[in-house]
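S.K.: So that we are looking at the same thing, I have put the structure below in structure tokens.
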Amino acid sequence: MIFELSRPGRKGYELPADKYNTDGLKDIPADLLRTQPLDLPEVSELDVVRHYTNLSNKNFGVDTGFYPLGSCTMKYNPKISEELSAHPAFAGLHPLQDADSAQGALELYYNLQHALSSLAGLSEFTLNPYAGAHGELTGLMIMKEYHRSRGDHKRTRVIIPDSAHGTNPASAMVAGMEVVEVKSKPNGSVDVEDLKPLLDDTVAGIMMTNPNTLGMFEIEIMEIAKLVHEAGGLLYYDGANFNPLLGRVRPGDMGFDIMHINLHKTFSTPHGGGGPGSGPVGVRKGLEKFLPNPRVKKGEDGKFYVEFDKDSLGSVSTFFGNFSVMMRAYAYILSLGKENIRNVGPMATLNANYIKESLKDDYLLPIDGVCKHEFVFDGLKDKSTGVTTLNVAKRLLDYGFHAPTIYFPLLFHESMMIEPTETESLETLDEFIEVMHKVAKEARETPEDVKNAPLSTAVRKLDETSAAKNPILTYKGMKSQD
Ligand SMILES: *Cc1c(COP(=O)(O)O)cnc(C)c1O
């Protein structure tokens with residue numbers, strides 16, 4: 001539309017009345033209306049296609065190389081799920097359409113809620129939140145509503161382990177709760193002795209990730225659940241690390257009352273660059289009425305309908321959440337099926353342990369033992385080279401691999417968190433291991449090559465601090481930076 005209007009020789013701003021509703025234009029004061037056509041660049045289709053294709057070639061993505069980001073689960077995103085989610089029968093739906101004309105979409109929504117409930121061992125799920133962090137906030141609001149509904153107004157404190165993902169304390173703060181930190185033991189798991197004195201009648205609950213962000217399963221979880229419940233608190237499960245447990249261990253059975261699942265991590269959706277996401281929240285029996293509106297239900301007649309519950313904490317999203325991410329998740333769950341979904345965890349766990357064991361001669365492993373789907377190195381083992389985790393991460397780009405997650409978790413100075421996922425081949429894992437050894441050797445023999453990396457990418461080492469503090473976001477600004 002804008003191109004059409006900006007073409008030289010066109011009449012200017014008269015929008016074709018049969019295509020666009022121009023009523024609103026009458027209300028804009030004449031001196032604010034544009035008098036000249038917009039000066040947009042005119043380029044040929046070929047130039048546009050080449051421009052974007054060349055740009056995309058400069059990008060790193062899971063379609064171009066291994067992407068071992070821990071905590072992010074950059075797994076294979078089946079192309080058929082992309083095709084399905086773009087199908088006009090779904091993509092063309094309007095969220096205000098009446099339920100009768102959107103039965104298929106509501107059925108998918110309903111079935112996905114149930115699939116997640118049975119995998120989690122919880123009573124009901126909402127699919128409304130847009131991301132894991134949004135799910136955390138929603139879950140904590142449910143926790144607050146639960147205590148408030150019982151007149152238990154003192155409970156304002158949330159206990160969070162020092163190994164937790166940063167979104168946990170952030171969500172608790174946004175929910176208006178106070179954060180209390182519980183320490184981890186040297187083996188990486190929550191210190192139950194440190195937890196005990198924190199459990200008083202001001203505790204609303206605890207937020208835990210299991211396996212935790214160090215990739216270790218919290219083996220004392222049943223004891224922790226008992227202690228927190230006895231103190232009158234609830235247990236929140238950060239489900240970002242649900243992958244290794246799929247179809248084998250259920251958060252509900254571990255004693256968790258509320259949880260979120262990151263569909264874009266565990267159930268595949270491309271999410272590099274911050275989106276799109278979906279963070280469904282599940283609750284145990286008794287907490288369903290607090291779930292956000294709208295809810296999708298199934299009537300006795302087998303028809304699906306949308307309901308607004310009066311006890312609900314309200315709406316947390318526009319309409320129903322990120323529907324296309326739900327479609328991909330549903331396709332992923334159905335394509336694996338009940339039996340194969342049980343293989344996700346063991347394969348992800350095997351792959352992670354394979355890399356860990358193959359590299360621990362060159363990289364410092366602060367917490368030894370069998371990990372789940374991810375693990376953390378504390379930089380290179382040989383600290384005399386001066387080569388940092390950041391240097392190694394940049395050097396990997398020169399060899400065609402994305403960096404692991406770096407400097408998280410915060411428990412170690414040189415954290416390097418690696419998650420291969422269940423969908424990478426043995427060949428890819430072996431190539432990655434070989435390159436990691438090669439970088440460690442370079443660090444010893446020619447450390448400048450590693451410190452100055454990346455040497456072969458479209459742009460060299462970026463000044464990330466300036467980029468964050470003084471972002472230059474305009475087209476013209478970018479030009480002047482070239
Ligand atoms: C990714 C992640 C989150 C936050 O999820 P988003 O979908 O990115 O908002 C929370 N906790 C853990 C452990 C995570 O890995």
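By order in the structure tokens, chains are A, B, ...; within a chain, residues start at 1; ligands start at 1, following the order shown.
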Using only C-alpha atoms and all ligand atoms, find each residue in chain A having at least one atom no more than 10 Å away from ligand 1; report its shortest atom-to-atom pair and that distance in Å (one decimal), rows by chain then rising number, as a Markdown table.

M.R.:
```
| residue | atom | partner | partner_atom_place_in_ligand_line | distance |
| --- | --- | --- | --- | --- |
| A:Leu69 | CA | ligand 1 | 15 (O) | 9.8 |
| A:Gly70 | CA | ligand 1 | 15 (O) | 7.6 |
| A:Ser71 | CA | ligand 1 | 15 (O) | 3.9 |
| A:Cys72 | CA | ligand 1 | 15 (O) | 5.4 |
| A:Thr73 | CA | ligand 1 | 15 (O) | 8.0 |
| A:Pro129 | CA | ligand 1 | 7 (O) | 9.7 |
| A:Tyr130 | CA | ligand 1 | 7 (O) | 7.7 |
| A:Ala131 | CA | ligand 1 | 7 (O) | 4.0 |
| A:Gly132 | CA | ligand 1 | 7 (O) | 3.4 |
| A:Ala133 | CA | ligand 1 | 9 (O) | 3.7 |
| A:His134 | CA | ligand 1 | 9 (O) | 6.3 |
| A:Gly135 | CA | ligand 1 | 9 (O) | 7.7 |
| A:Glu136 | CA | ligand 1 | 10 (C) | 7.8 |
| A:Ser163 | CA | ligand 1 | 13 (C) | 9.3 |
| A:Ala164 | CA | ligand 1 | 13 (C) | 6.7 |
| A:His165 | CA | ligand 1 | 11 (N) | 4.9 |
| A:Gly166 | CA | ligand 1 | 10 (C) | 7.3 |
| A:Thr167 | CA | ligand 1 | 10 (C) | 5.5 |
| A:Asn168 | CA | ligand 1 | 10 (C) | 6.6 |
| A:Ser171 | CA | ligand 1 | 10 (C) | 9.7 |
| A:Met208 | CA | ligand 1 | 13 (C) | 8.9 |
| A:Thr209 | CA | ligand 1 | 13 (C) | 6.2 |
| A:Asn210 | CA | ligand 1 | 13 (C) | 8.8 |
| A:Pro211 | CA | ligand 1 | 13 (C) | 9.1 |
| A:Asn212 | CA | ligand 1 | 13 (C) | 7.3 |
| A:Thr213 | CA | ligand 1 | 13 (C) | 5.9 |
| A:Leu214 | CA | ligand 1 | 13 (C) | 9.6 |
| A:Gly215 | CA | ligand 1 | 13 (C) | 9.9 |
| A:Tyr237 | CA | ligand 1 | 11 (N) | 9.5 |
| A:Asp238 | CA | ligand 1 | 11 (N) | 5.8 |
| A:Gly239 | CA | ligand 1 | 13 (C) | 7.1 |
| A:Ala240 | CA | ligand 1 | 14 (C) | 4.7 |
| A:Asn241 | CA | ligand 1 | 13 (C) | 6.1 |
| A:Phe242 | CA | ligand 1 | 13 (C) | 9.4 |
| A:His260 | CA | ligand 1 | 10 (C) | 9.0 |
| A:Ile261 | CA | ligand 1 | 7 (O) | 8.5 |
| A:Asn262 | CA | ligand 1 | 7 (O) | 5.5 |
| A:Leu263 | CA | ligand 1 | 7 (O) | 8.1 |
| A:His264 | CA | ligand 1 | 7 (O) | 7.2 |
| A:Lys265 | CA | ligand 1 | 1 (C) | 7.7 |
| A:His271 | CA | ligand 1 | 8 (O) | 9.0 |
| A:Gly274 | CA | ligand 1 | 8 (O) | 7.3 |
| A:Gly275 | CA | ligand 1 | 7 (O) | 8.2 |
| A:Pro276 | CA | ligand 1 | 7 (O) | 8.7 |
| A:Gly277 | CA | ligand 1 | 7 (O) | 5.9 |
| A:Ser278 | CA | ligand 1 | 7 (O) | 6.8 |
| A:Gly279 | CA | ligand 1 | 7 (O) | 6.4 |
| A:Pro409 | CA | ligand 1 | 13 (C) | 9.7 |
```

S.K.: Show which residues sit within 12 Å of Asp361 in chain A, as an NGL selection string. Count only C-alpha atoms, and ignore same-chain residues fewer than 2 positions away.

M.R.: :A and (355-359 or 363-365 or 377 or 379-382 or 433 or 436-437 or 440-441)

S.K.: Name the residues in contact with Ala348 in chain A at a cut-off of 9 Å, using only C-alpha atoms, excluding same-chain residues fewer than 2 positions from it; report them as an mmCIF file with C-alpha atoms, in the first residue's frame.

M.R.:
```
data_model
loop_
_atom_site.group_PDB
_atom_site.id
_atom_site.type_symbol
_atom_site.label_atom_id
_atom_site.label_comp_id
_atom_site.auth_asym_id
_atom_site.auth_seq_id
_atom_site.Cartn_x
_atom_site.Cartn_y
_atom_site.Cartn_z
ATOM 1 C CA ASN A 243 13.090 -32.137 28.272
ATOM 2 C CA PRO A 244 14.967 -34.930 30.070
ATOM 3 C CA ASN A 343 13.136 -41.395 24.309
ATOM 4 C CA VAL A 344 13.638 -37.627 24.253
ATOM 5 C CA GLY A 345 15.091 -37.449 27.770
ATOM 6 C CA PRO A 346 17.499 -40.407 27.564
ATOM 7 C CA LEU A 350 23.269 -39.384 26.630
ATOM 8 C CA ASN A 351 24.349 -36.647 24.210
ATOM 9 C CA ALA A 352 25.125 -34.186 27.016
ATOM 10 C CA ASN A 353 27.140 -36.727 29.014
ATOM 11 C CA LYS A 372 20.794 -34.506 32.572
ATOM 12 C CA HIS A 373 20.327 -32.714 29.223
ATOM 13 C CA GLU A 374 22.938 -29.991 29.870
ATOM 14 C CA GLU A 419 23.062 -28.454 25.713
ATOM 15 C CA PRO A 420 23.217 -30.651 22.607
ATOM 16 C CA THR A 421 19.511 -31.766 22.710
ATOM 17 C CA GLU A 422 18.264 -35.147 21.530
ATOM 18 C CA THR A 423 18.056 -34.172 17.885
ATOM 19 C CA GLU A 424 21.758 -33.834 16.980
#
```

S.K.: In range 405-449 of chain A, what's alpha helix (DSSP H) per DSSP? Answer as a VMD selection string?

M.R.: chain A and resid 426 to 445 447 to 449

S.K.: Could those residues be written to a file, using C-alpha atoms, as an mmCIF file, in the first residue's frame?

M.R.:
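Result went into result-v1.cif, see below:
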```cif
data_model
loop_
_atom_site.group_PDB
_atom_site.id
_atom_site.type_symbol
_atom_site.label_atom_id
_atom_site.label_comp_id
_atom_site.auth_asym_id
_atom_site.auth_seq_id
_atom_site.Cartn_x
_atom_site.Cartn_y
_atom_site.Cartn_z
ATOM 1 C CA LEU A 426 26.684 -38.418 16.633
ATOM 2 C CA GLU A 427 28.685 -36.975 13.700
ATOM 3 C CA THR A 428 27.759 -33.432 14.730
ATOM 4 C CA LEU A 429 28.626 -34.081 18.372
ATOM 5 C CA ASP A 430 31.998 -35.522 17.335
ATOM 6 C CA GLU A 431 32.776 -32.523 15.126
ATOM 7 C CA PHE A 432 31.918 -30.180 17.995
ATOM 8 C CA ILE A 433 34.126 -32.129 20.405
ATOM 9 C CA GLU A 434 37.007 -32.044 17.928
ATOM 10 C CA VAL A 435 36.697 -28.286 17.479
ATOM 11 C CA MET A 436 36.491 -27.669 21.236
ATOM 12 C CA HIS A 437 39.747 -29.643 21.668
ATOM 13 C CA LYS A 438 41.310 -27.681 18.825
ATOM 14 C CA VAL A 439 40.387 -24.354 20.470
ATOM 15 C CA ALA A 440 41.850 -25.548 23.786
ATOM 16 C CA LYS A 441 45.087 -26.445 21.954
ATOM 17 C CA GLU A 442 45.168 -23.036 20.274
ATOM 18 C CA ALA A 443 44.671 -21.406 23.682
ATOM 19 C CA ARG A 444 47.877 -23.100 24.827
ATOM 20 C CA GLU A 445 49.930 -22.647 21.672
ATOM 21 C CA PRO A 447 46.391 -17.810 22.334
ATOM 22 C CA GLU A 448 46.193 -14.585 20.294
ATOM 23 C CA ASP A 449 44.163 -16.404 17.622
#
```

S.K.: Based on DSSP run over this structure's backbone, return all residues of range 81-242 of chain A in strand (DSSP E or B), as a list in words.

M.R.: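 Assigned to strand (DSSP E or B), within range 81-242 of chain A: Glu124, Phe125, Thr126, Arg157, Val158, Ile159, Ile160, Pro161, Glu178, Val179, Val180, Glu181, Val182, Ser184, Val190, Val203, Ala204, Gly205, Ile206, Met207, Met208, Thr209, Leu234, Leu235, Tyr236, Tyr237, Asp238 and Gly239 of chain A.
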
S.K.: From the options A:Asp253, A:Ala204, A:Gln36, A:Val283, which residue's atoms come nearest to Gln113 in chain A, counting only C-alpha atoms?

M.R.: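 Residue with the minimum atom-to-atom distance to Gln113 in chain A: A:Val283.
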
S.K.: Rank nothing, just name the residue among A:Arg155, A:Arg395, A:Val306, A:Asn452 nearest to Asp98 in chain A, using only C-alpha atoms.

M.R.: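 Among the listed residues, A:Val306 lies closest to Asp98 in chain A.
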
S.K.: Which one of A:Arg284, A:Lys154, A:Lys289, A:Lys297 sits closest to Ser312 in chain A if you count only C-alpha atoms?

M.R.: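 Comparing A:Arg284, A:Lys154, A:Lys289, A:Lys297 against Ser312 in chain A, the winner is A:Lys289.
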
S.K.: From the set A:Tyr399, A:Ser324, A:Met416, A:Asp27, which residue has the shortest atom-to-atom contact distance to Ala89 in chain A, counting only C-alpha atoms?

M.R.: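 Checking each of A:Tyr399, A:Ser324, A:Met416, A:Asp27 against Ala89 in chain A, counting only C-alpha atoms, the winner is A:Ser324.
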
S.K.: Which one of A:Gly205, A:Gly252, A:Gly176, A:Pro161 sits closest to Tyr236 in chain A if you count only C-alpha atoms?

M.R.: A:Gly205

S.K.: At a cut-off of 6 Å, using only C-alpha atoms, what residues contact range 188-195 of chain A? Leave out same-chain residues fewer than 5 positions from it and give the result as a ChimeraX atom specification.

M.R.: /A:182-183,218

S.K.: Can you measure CA of His87 in chain A to CA of Met327 in chain A for me? One decimal in Å is fine.

M.R.: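 The value is 10.3 Å.
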
S.K.: Find the residues around Met417 in chain A up to 6 Å (only C-alpha atoms counted), leave out those fewer than 5 positions away in its own chain, and share them as an MDAnalysis selection string.

M.R.: chainID A and resid 70 375:376 404:405
